[in-house]
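S.K.: What follows is work_21.cif; its format and atoms are mmCIF, C-alpha atoms.
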```cif
data_input
#
loop_
_atom_site.label_atom_id
_atom_site.label_comp_id
_atom_site.auth_asym_id
_atom_site.auth_seq_id
_atom_site.Cartn_x
_atom_site.Cartn_y
_atom_site.Cartn_z
CA MET A 4 -50.08 129.51 -11.33
CA ARG A 5 -53.31 128.50 -9.56
CA GLN A 6 -53.33 126.11 -6.54
CA ARG A 7 -55.19 122.86 -7.24
CA LYS A 8 -58.19 122.37 -4.99
CA ALA A 9 -59.15 119.11 -3.22
CA GLY A 10 -62.77 118.00 -2.99
CA GLY A 11 -63.73 120.62 -5.48
CA GLY A 12 -63.09 123.70 -3.29
CA VAL A 13 -60.39 123.42 -0.58
CA PRO A 14 -56.76 123.94 -1.74
CA SER A 15 -54.48 120.94 -1.07
CA LYS A 16 -52.10 122.88 1.10
CA TYR A 17 -54.92 123.90 3.42
CA LEU A 18 -56.21 120.34 3.53
CA LEU A 19 -52.73 119.10 4.54
CA MET A 20 -52.58 121.76 7.22
CA ILE A 21 -55.97 120.77 8.61
CA LEU A 22 -55.02 117.08 8.72
CA SER A 23 -51.77 117.89 10.51
CA ILE A 24 -53.66 119.96 13.13
CA ILE A 25 -56.15 117.12 13.64
CA CYS A 26 -53.25 114.58 14.13
CA ILE A 27 -51.59 116.87 16.66
CA MET A 28 -54.86 117.35 18.54
CA LEU A 29 -55.50 113.62 18.58
CA LEU A 30 -51.99 112.90 19.86
CA PHE A 31 -52.39 115.58 22.55
CA PHE A 32 -55.78 114.17 23.49
CA SER A 33 -54.33 110.67 23.77
CA TYR A 34 -51.44 111.92 25.90
CA SER A 35 -53.76 113.93 28.20
CA THR A 36 -56.40 111.25 28.76
CA GLY A 37 -54.14 108.16 28.58
CA PHE A 38 -56.39 106.76 25.84
CA THR A 39 -54.29 104.45 23.65
CA GLY A 40 -56.67 102.06 22.05
CA GLY A 41 -58.89 102.10 19.04
CA PRO A 42 -58.18 104.19 15.98
CA LEU A 43 -55.23 106.00 17.47
CA LEU A 44 -53.45 102.74 18.11
CA THR A 45 -54.17 101.62 14.58
CA ILE A 46 -52.86 104.88 13.15
CA SER A 47 -49.73 104.74 15.25
CA ASN A 48 -49.12 101.13 14.30
CA HIS A 49 -49.31 101.97 10.61
CA ILE A 50 -47.20 105.11 10.83
CA PHE A 51 -44.73 104.88 13.68
CA ILE A 52 -43.93 101.13 13.90
CA PRO A 53 -42.58 100.93 10.32
CA MET A 54 -40.55 104.06 11.06
CA GLN A 55 -39.20 102.46 14.24
CA LYS A 56 -38.34 99.25 12.39
CA GLY A 57 -36.50 101.29 9.79
CA ILE A 58 -34.56 103.14 12.45
CA ASP A 59 -33.76 99.85 14.26
CA PHE A 60 -32.59 98.29 11.00
CA ILE A 61 -30.30 101.20 10.25
CA GLY A 62 -28.91 101.10 13.81
CA SER A 63 -28.36 97.35 13.66
CA THR A 64 -26.60 97.65 10.30
CA ILE A 65 -24.27 100.31 11.66
CA ALA A 66 -23.55 98.17 14.76
CA ILE A 67 -22.85 95.06 12.64
CA SER A 68 -20.63 97.05 10.28
CA SER A 69 -18.71 98.42 13.28
CA ALA A 70 -18.36 94.91 14.73
CA ASP A 71 -17.18 93.56 11.37
CA THR A 72 -14.58 96.34 11.13
CA LYS A 73 -13.32 95.52 14.62
CA THR A 74 -13.21 91.81 13.78
CA LYS A 75 -11.21 92.47 10.59
CA GLU A 76 -8.71 94.61 12.50
CA GLU A 77 -8.34 91.86 15.10
CA LEU A 78 -7.85 89.25 12.37
CA VAL A 79 -5.19 91.38 10.64
CA LYS A 80 -3.38 91.83 13.95
CA GLU A 81 -3.58 88.09 14.74
CA ASN A 82 -2.32 87.26 11.24
CA GLU A 83 0.65 89.59 11.69
CA GLU A 84 1.44 87.97 15.06
CA LEU A 85 1.18 84.47 13.56
CA GLN A 86 3.38 85.50 10.63
CA LYS A 87 6.03 86.75 13.06
CA GLN A 88 5.84 83.45 14.98
CA VAL A 89 6.28 81.52 11.72
CA GLU A 90 9.32 83.64 10.80
CA ASP A 91 10.81 83.09 14.26
CA LEU A 92 10.23 79.33 13.98
CA ASN A 93 11.82 79.22 10.52
CA ALA A 94 14.84 81.12 11.84
CA SER A 95 15.12 78.68 14.76
CA ILE A 96 14.87 75.68 12.42
CA SER A 97 17.57 77.11 10.14
CA ASN A 98 19.78 77.74 13.15
CA TYR A 99 19.28 74.18 14.41
CA GLU A 100 20.00 72.76 10.96
CA LEU A 101 23.20 74.81 10.78
CA LYS A 102 24.26 73.58 14.21
CA LEU A 103 23.54 69.96 13.20
CA LYS A 104 25.57 70.42 10.02
CA GLU A 105 28.47 71.87 12.00
CA LEU A 106 28.18 68.98 14.46
CA ASP A 107 28.30 66.44 11.62
CA GLU A 108 31.35 68.18 10.15
CA LEU A 109 33.10 68.18 13.53
CA GLN A 110 32.24 64.49 13.95
CA GLU A 111 33.78 63.74 10.55
CA LEU A 112 36.91 65.68 11.49
CA TYR A 113 37.12 63.77 14.75
CA GLU A 114 36.85 60.44 12.93
CA LEU A 115 39.50 61.61 10.47
CA ASP A 116 41.71 62.64 13.35
CA GLN A 117 41.37 59.14 14.77
CA THR A 118 42.31 57.66 11.38
CA TYR A 119 45.57 59.59 11.39
CA PHE A 120 46.09 59.43 15.15
CA ASP A 121 49.89 59.22 14.66
CA TYR A 122 49.85 62.89 13.67
CA GLU A 123 48.99 65.84 15.91
CA THR A 124 46.33 67.95 14.23
CA THR A 125 44.26 71.10 14.73
CA GLY A 126 40.91 71.93 13.22
CA ALA A 127 40.47 75.02 11.05
CA ARG A 128 37.61 76.68 9.21
CA ILE A 129 37.86 77.92 5.64
CA ILE A 130 37.22 81.68 5.52
CA GLY A 131 38.04 82.43 1.89
CA ARG A 132 38.94 80.83 -1.41
CA GLY A 133 40.19 81.61 -4.91
CA THR A 134 38.10 82.69 -7.87
CA SER A 135 37.47 79.24 -9.36
CA ASN A 136 34.53 76.97 -8.54
CA TRP A 137 36.92 74.60 -6.76
CA PHE A 138 38.73 74.92 -3.47
CA ASN A 139 42.07 74.76 -5.29
CA THR A 140 43.44 77.60 -3.13
CA PHE A 141 41.81 78.83 0.06
CA THR A 142 42.39 80.61 3.37
CA ILE A 143 41.87 79.13 6.85
CA ASP A 144 41.29 80.86 10.20
CA LYS A 145 44.44 79.51 11.88
CA GLY A 146 47.94 80.98 11.62
CA SER A 147 51.37 81.14 13.21
CA LYS A 148 49.99 81.91 16.66
CA ASP A 149 48.15 78.56 16.42
CA GLY A 150 51.30 76.68 15.46
CA ILE A 151 50.66 76.64 11.69
CA GLU A 152 53.78 76.57 9.48
CA ILE A 153 54.48 76.54 5.75
CA ASN A 154 54.48 73.02 4.19
CA MET A 155 52.17 71.56 6.82
CA ASN A 156 49.76 69.06 5.24
CA VAL A 157 45.99 69.63 5.28
CA ILE A 158 43.40 66.83 5.31
CA ALA A 159 39.59 66.44 5.21
CA ASP A 160 36.96 63.87 4.15
CA GLY A 161 39.36 61.05 4.96
CA GLY A 162 42.14 62.18 2.66
CA LEU A 163 44.73 64.73 1.55
CA VAL A 164 43.51 68.22 0.70
CA GLY A 165 46.75 70.09 0.13
CA ILE A 166 49.60 71.94 1.75
CA VAL A 167 50.10 75.27 3.56
CA THR A 168 51.89 77.76 1.29
CA SER A 169 51.87 80.98 3.36
CA VAL A 170 51.13 81.91 6.98
CA GLY A 171 49.99 85.02 8.84
CA ASP A 172 49.40 85.54 12.54
CA SER A 173 45.78 84.39 12.44
CA TYR A 174 45.36 82.90 8.96
CA ALA A 175 47.08 80.66 6.44
CA THR A 176 46.81 79.93 2.71
CA VAL A 177 46.46 76.37 1.41
CA ARG A 178 47.12 75.05 -2.10
CA ALA A 179 45.00 71.97 -2.84
CA ILE A 180 46.23 68.95 -4.78
CA VAL A 181 43.68 69.72 -7.53
CA ASP A 182 45.42 73.02 -8.35
CA ASP A 183 47.22 73.13 -11.70
CA THR A 184 50.56 73.85 -9.99
CA SER A 185 50.31 70.93 -7.54
CA ASN A 186 52.49 67.80 -7.82
CA VAL A 187 52.54 64.99 -5.25
CA SER A 188 54.76 61.91 -5.05
CA ALA A 189 52.34 59.02 -4.57
CA THR A 190 52.18 55.25 -4.19
CA ILE A 191 49.69 52.65 -5.44
CA SER A 192 48.83 50.82 -2.20
CA SER A 193 48.20 47.43 -3.80
CA THR A 194 51.55 47.24 -5.65
CA GLU A 195 53.67 49.88 -3.87
CA ASP A 196 54.56 51.33 -7.27
CA ASN A 197 55.30 55.04 -7.31
CA CYS A 198 53.86 57.76 -9.54
CA ILE A 199 53.37 61.53 -9.73
CA VAL A 200 49.91 62.97 -9.05
CA SER A 201 49.21 66.30 -10.77
CA GLY A 202 46.35 68.70 -10.22
CA SER A 203 44.11 69.71 -13.12
CA LEU A 204 41.16 72.05 -12.75
CA GLN A 205 40.11 71.26 -16.31
CA SER A 206 39.92 67.52 -15.57
CA MET A 207 38.15 68.21 -12.27
CA THR A 208 35.57 70.35 -14.05
CA SER A 209 34.91 67.87 -16.84
CA ASP A 210 35.26 64.51 -15.05
CA ASN A 211 35.97 65.18 -11.36
CA VAL A 212 39.43 63.60 -11.63
CA ILE A 213 43.10 64.57 -11.31
CA LEU A 214 46.01 63.06 -13.21
CA PHE A 215 48.85 60.66 -12.47
CA SER A 216 51.92 59.85 -14.56
CA ASN A 217 55.35 58.13 -14.51
CA LEU A 218 53.90 54.91 -13.12
CA ASP A 219 56.16 51.85 -13.41
CA ASP A 220 53.86 48.84 -13.73
CA ASP A 221 55.74 46.23 -15.72
CA ASP A 222 53.61 43.38 -14.39
CA ASP A 223 50.31 45.13 -15.18
CA GLN A 224 49.17 44.85 -11.57
CA VAL A 225 47.61 48.31 -11.20
CA ALA A 226 43.85 48.25 -11.74
CA ILE A 227 40.89 50.61 -11.60
CA GLY A 228 39.79 51.13 -8.00
CA ASP A 229 43.26 50.80 -6.45
CA VAL A 230 43.97 53.21 -3.59
CA VAL A 231 46.55 55.96 -4.10
CA THR A 232 48.36 57.48 -1.10
CA THR A 233 51.26 59.84 -0.50
CA SER A 234 54.63 58.09 -0.72
CA ASN A 235 57.62 57.93 1.59
CA ILE A 236 59.87 59.63 -0.99
CA SER A 237 57.85 62.87 -1.09
CA ASP A 238 59.84 65.84 0.18
CA LYS A 239 56.79 67.83 1.41
CA TYR A 240 53.96 65.39 2.03
CA LEU A 241 53.79 62.99 4.95
CA PRO A 242 53.50 59.30 3.99
CA GLY A 243 50.30 57.27 3.97
CA LEU A 244 47.79 60.10 3.40
CA MET A 245 45.01 58.92 1.11
CA ILE A 246 44.63 60.77 -2.21
CA GLY A 247 41.95 58.81 -4.06
CA TYR A 248 41.21 55.85 -6.34
CA ILE A 249 42.50 54.89 -9.79
CA SER A 250 39.73 55.63 -12.30
CA SER A 251 41.64 54.97 -15.53
CA VAL A 252 45.11 53.75 -16.57
CA SER A 253 46.86 53.48 -19.92
CA LEU A 254 50.29 52.77 -21.35
CA ASP A 255 52.32 55.80 -22.40
CA GLU A 256 53.74 56.23 -25.90
CA ASN A 257 57.19 55.28 -24.64
CA GLU A 258 55.71 51.88 -23.64
CA LEU A 259 57.70 52.08 -20.41
CA THR A 260 55.43 54.00 -18.05
CA LYS A 261 51.72 54.43 -17.51
CA SER A 262 49.46 57.35 -16.79
CA GLY A 263 45.81 57.87 -16.04
CA THR A 264 43.33 59.54 -13.75
CA ILE A 265 42.47 59.46 -10.05
CA THR A 266 39.14 60.24 -8.41
CA PRO A 267 39.98 62.22 -5.26
CA VAL A 268 38.47 61.10 -1.98
CA VAL A 269 38.00 64.74 -0.90
CA ASP A 270 34.99 66.76 -2.13
CA PHE A 271 36.83 69.86 -3.35
CA LYS A 272 33.63 71.74 -4.15
CA HIS A 273 32.10 71.68 -0.68
CA LEU A 274 34.89 72.07 1.83
CA SER A 275 34.19 74.07 4.97
CA ASP A 276 36.40 72.60 7.74
CA VAL A 277 39.82 70.94 7.55
CA LEU A 278 42.50 69.46 9.79
CA VAL A 279 46.05 70.77 9.67
CA ILE A 280 48.74 68.26 10.61
CA LEU A 281 51.07 70.12 12.99
CA GLN A 282 54.16 68.45 11.59
CA THR A 283 56.09 69.02 8.39
CA LYS A 284 57.81 66.33 6.35
CA GLU A 285 61.15 67.83 7.36
CA SER A 286 60.41 67.48 11.08
CA TYR A 287 58.98 64.00 10.42
CA LYS A 288 62.28 62.91 8.90
CA GLY A 289 64.08 64.15 12.00
CA ASP A 290 61.97 62.01 14.35
#
```
For this file, write the structure as structure tokens.
M.R.:
Amino acid sequence: MRQRKAGGGVPSKYLLMILSIICIMLLFFSYSTGFTGGPLLTISNHIFIPMQKGIDFIGSTIAISSADTKTKEELVKENEELQKQVEDLNASISNYELKLKELDELQELYELDQTYFDYETTGARIIGRGTSNWFNTFTIDKGSKDGIEINMNVIADGGLVGIVTSVGDSYATVRAIVDDTSNVSATISSTEDNCIVSGSLQSMTSDNVILFSNLDDDDDQVAIGDVVTTSNISDKYLPGLMIGYISSVSLDENELTKSGTITPVVDFKHLSDVLVILQTKESYKGD
């Protein structure tokens, strides 16, 4: 293949070589004599300055990219630190809220203790309960070493919760008055008529009530809203402990007694702390 000639006779490769030699000679001449003006300056401006700008641009881009990478790493680190601070603050808030809740519960127990100041009591925390959604049976963190005995009455929320049924050294089991096996001799405060209060998990689940029966109310004095308390004739429950309020009453088929429902004063779904009265009905009778 023949080499194409420039200007009609000189091959292009030789022409390029000649021009390169001339540029080198001119650069050497400029360096040797210190001559920097005129055509050489113009040539250098057109050739080297754009090259320098390109190199500067590339260098600046690399520097900016490096700075951006450093900034992103710093931002990620700061974000992680802020996230940790937020988590710590949320944990502190939750802890404070728990302490406030415990304080409110202790305040309620104190007020309840003052309501029944005739009885010596001790506070206890619920540490376990039965399988139902209600606190019909549960375990407390006080036992025989704390003076707890079987048949001691348990109160909370201003009223009767239940009775101690078994005791260990450091725990005790309580059966609540809403349990199906519970029966309490009670009195209607307004009329002093007696009745039997029976637990019913079914009624609690459907209407949040327990049952009463065998009420003698010949004068039809008992009305909805009347207060029901434990009676003096109970063999296990101390007298005067509030149970709840009459929510319905009706005449039995025998047309001699009445029965109905009671709304308990205690919230049997959200119990956490209780008071145990350190006195049984048997010891109370002996006083």
S.K.: What's the 7 Å shell around Cys198 (chain A), counting all atoms listed in the file, without same-chain residues fewer than 6 positions away, as a ChimeraX atom specification?
M.R.: /A:188-190,215-218
S.K.: Assuming the chain letters and numbering stay as they are in my file, what does the PyMOL selection byres ((chain A and resi 233-235) around 9) actually select? List them as a short mmCIF file (atom, residue, chain, number, x, y, z; two decimals) with C-alpha atoms, in the frame of the given file.
M.R.:
```cif
data_model
loop_
_atom_site.label_atom_id
_atom_site.label_comp_id
_atom_site.auth_asym_id
_atom_site.auth_seq_id
_atom_site.Cartn_x
_atom_site.Cartn_y
_atom_site.Cartn_z
CA LEU A 163 44.73 64.73 1.55
CA VAL A 187 52.54 64.99 -5.25
CA SER A 188 54.76 61.91 -5.05
CA ALA A 189 52.34 59.02 -4.57
CA THR A 190 52.18 55.25 -4.19
CA ILE A 191 49.69 52.65 -5.44
CA GLU A 195 53.67 49.88 -3.87
CA ASN A 197 55.30 55.04 -7.31
CA CYS A 198 53.86 57.76 -9.54
CA VAL A 231 46.55 55.96 -4.10
CA THR A 232 48.36 57.48 -1.10
CA ILE A 236 59.87 59.63 -0.99
CA SER A 237 57.85 62.87 -1.09
CA ASP A 238 59.84 65.84 0.18
CA TYR A 240 53.96 65.39 2.03
CA LEU A 241 53.79 62.99 4.95
CA PRO A 242 53.50 59.30 3.99
CA GLY A 243 50.30 57.27 3.97
CA LEU A 244 47.79 60.10 3.40
CA MET A 245 45.01 58.92 1.11
CA ILE A 246 44.63 60.77 -2.21
#
```
S.K.: Quick one: residues within 9 Å of Leu274 (chain A), all atoms listed in the file, excluding same-chain residues fewer than 2 positions away - as a list in words?
M.R.: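 Here the qualifying residues turn out to be Ile129, Phe138, Ala159, Asp160, Val269, Asp270, Phe271, Lys272, Asp276 and Val277 of chain A.
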S.K.: Please dump the current selection as a short mmCIF file (atom, residue, chain, number, x, y, z; two decimals), keeping the file's coordinate frame; keep C-alpha atoms.
M.R.:
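The file below, again-v8.cif, is the result:
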```cif
data_model
loop_
_atom_site.label_atom_id
_atom_site.label_comp_id
_atom_site.auth_asym_id
_atom_site.auth_seq_id
_atom_site.Cartn_x
_atom_site.Cartn_y
_atom_site.Cartn_z
CA ILE A 129 37.86 77.92 5.64
CA PHE A 138 38.73 74.92 -3.47
CA ALA A 159 39.59 66.44 5.21
CA ASP A 160 36.96 63.87 4.15
CA VAL A 269 38.00 64.74 -0.90
CA ASP A 270 34.99 66.76 -2.13
CA PHE A 271 36.83 69.86 -3.35
CA LYS A 272 33.63 71.74 -4.15
CA ASP A 276 36.40 72.60 7.74
CA VAL A 277 39.82 70.94 7.55
#
```
S.K.: Residues picked by the PyMOL selection byres ((chain A and resi 267) around 7) here, as an mmCIF file with C-alpha atoms, keeping the file's coordinate frame?
M.R.:
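This is the output file selection_22.cif:
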```cif
data_model
loop_
_atom_site.group_PDB
_atom_site.id
_atom_site.type_symbol
_atom_site.label_atom_id
_atom_site.label_comp_id
_atom_site.auth_asym_id
_atom_site.auth_seq_id
_atom_site.Cartn_x
_atom_site.Cartn_y
_atom_site.Cartn_z
ATOM 1 C CA VAL A 212 39.430 63.600 -11.630
ATOM 2 C CA ILE A 246 44.630 60.770 -2.210
ATOM 3 C CA GLY A 247 41.950 58.810 -4.060
ATOM 4 C CA TYR A 248 41.210 55.850 -6.340
ATOM 5 C CA ILE A 265 42.470 59.460 -10.050
ATOM 6 C CA THR A 266 39.140 60.240 -8.410
ATOM 7 C CA VAL A 268 38.470 61.100 -1.980
ATOM 8 C CA VAL A 269 38.000 64.740 -0.900
#
```
S.K.: Have a look at CA of Ala127 (chain A) and CA of Thr283 (chain A) and let me know their distance in Å, one decimal.
M.R.: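 CA of Thr283 (chain A) lies 16.9 Å from CA of Ala127 (chain A).
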S.K.: Selection in question (the file shown): the PyMOL selection byres ((chain A and resi 149) around 9). Which residues does it include, as a list of chain:residue names?
M.R.: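 What the PyMOL selection byres ((chain A and resi 149) around 9) grabs from the file is A:Thr125, A:Lys145, A:Gly146, A:Ser147, A:Lys148, A:Gly150, A:Ile151, A:Asp172, A:Ser173.
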S.K.: To one decimal place, how far is CA of Asn139 (chain A) from CA of Val181 (chain A) in Å?
M.R.: 5.7 Å
S.K.: So what do you get for CA of Thr168 (chain A) versus CA of Ile130 (chain A), distance-wise?
M.R.: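 About the pair CA of Thr168 (chain A) and CA of Ile130 (chain A): they are 15.8 Å apart.
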S.K.: Counting all atoms listed in the file, figure out which residue out of A:Ile143, A:Ile153, A:Leu78, A:Val200 gets nearest to Lys284 (chain A).
M.R.: A:Ile153
S.K.: Considering all atoms listed in the file, can you say which of A:Leu278, A:Lys75, A:Ile24, A:Gly228 comes closest to Gly165 (chain A)?
M.R.: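 Under the stated criterion, the closest residue is A:Leu278.
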S.K.: Using all atoms listed in the file, which residues sit within 9 Å of region 224-227 of chain A once same-chain residues fewer than 4 positions away are excluded, as a PDB file with C-alpha atoms, keeping the file's coordinate frame?
M.R.:
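See result17.pdb below for the written result:
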```
ATOM      1  CA  ILE A 191      49.690  52.650  -5.440  1.00  0.00           C
ATOM      2  CA  SER A 193      48.200  47.430  -3.800  1.00  0.00           C
ATOM      3  CA  THR A 194      51.550  47.240  -5.650  1.00  0.00           C
ATOM      4  CA  ASP A 196      54.560  51.330  -7.270  1.00  0.00           C
ATOM      5  CA  ASP A 220      53.860  48.840 -13.730  1.00  0.00           C
ATOM      6  CA  TYR A 248      41.210  55.850  -6.340  1.00  0.00           C
ATOM      7  CA  ILE A 249      42.500  54.890  -9.790  1.00  0.00           C
ATOM      8  CA  SER A 250      39.730  55.630 -12.300  1.00  0.00           C
ATOM      9  CA  SER A 251      41.640  54.970 -15.530  1.00  0.00           C
ATOM     10  CA  VAL A 252      45.110  53.750 -16.570  1.00  0.00           C
TER      11      VAL A 252
END
```
S.K.: Could you name the residues that touch Ile280 (chain A) at 7 Å or less, counting all atoms listed in the file, but leaving out those on the same chain fewer than 6 positions away, as a list of chain:residue names?
M.R.: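 Listing them by chain and then by number gives A:Tyr122, A:Glu123, A:Thr124, A:Thr125, A:Met155, A:Asn156, A:Val157.
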S.K.: Here is a test: counting only C-alpha atoms, which residue of A:Gln282, A:Ser135, A:Ser253, A:Ser203 is nearest to Val167 (chain A)?
M.R.: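 Of A:Gln282, A:Ser135, A:Ser253, A:Ser203, the one nearest Val167 (chain A), counting only C-alpha atoms, is A:Gln282.
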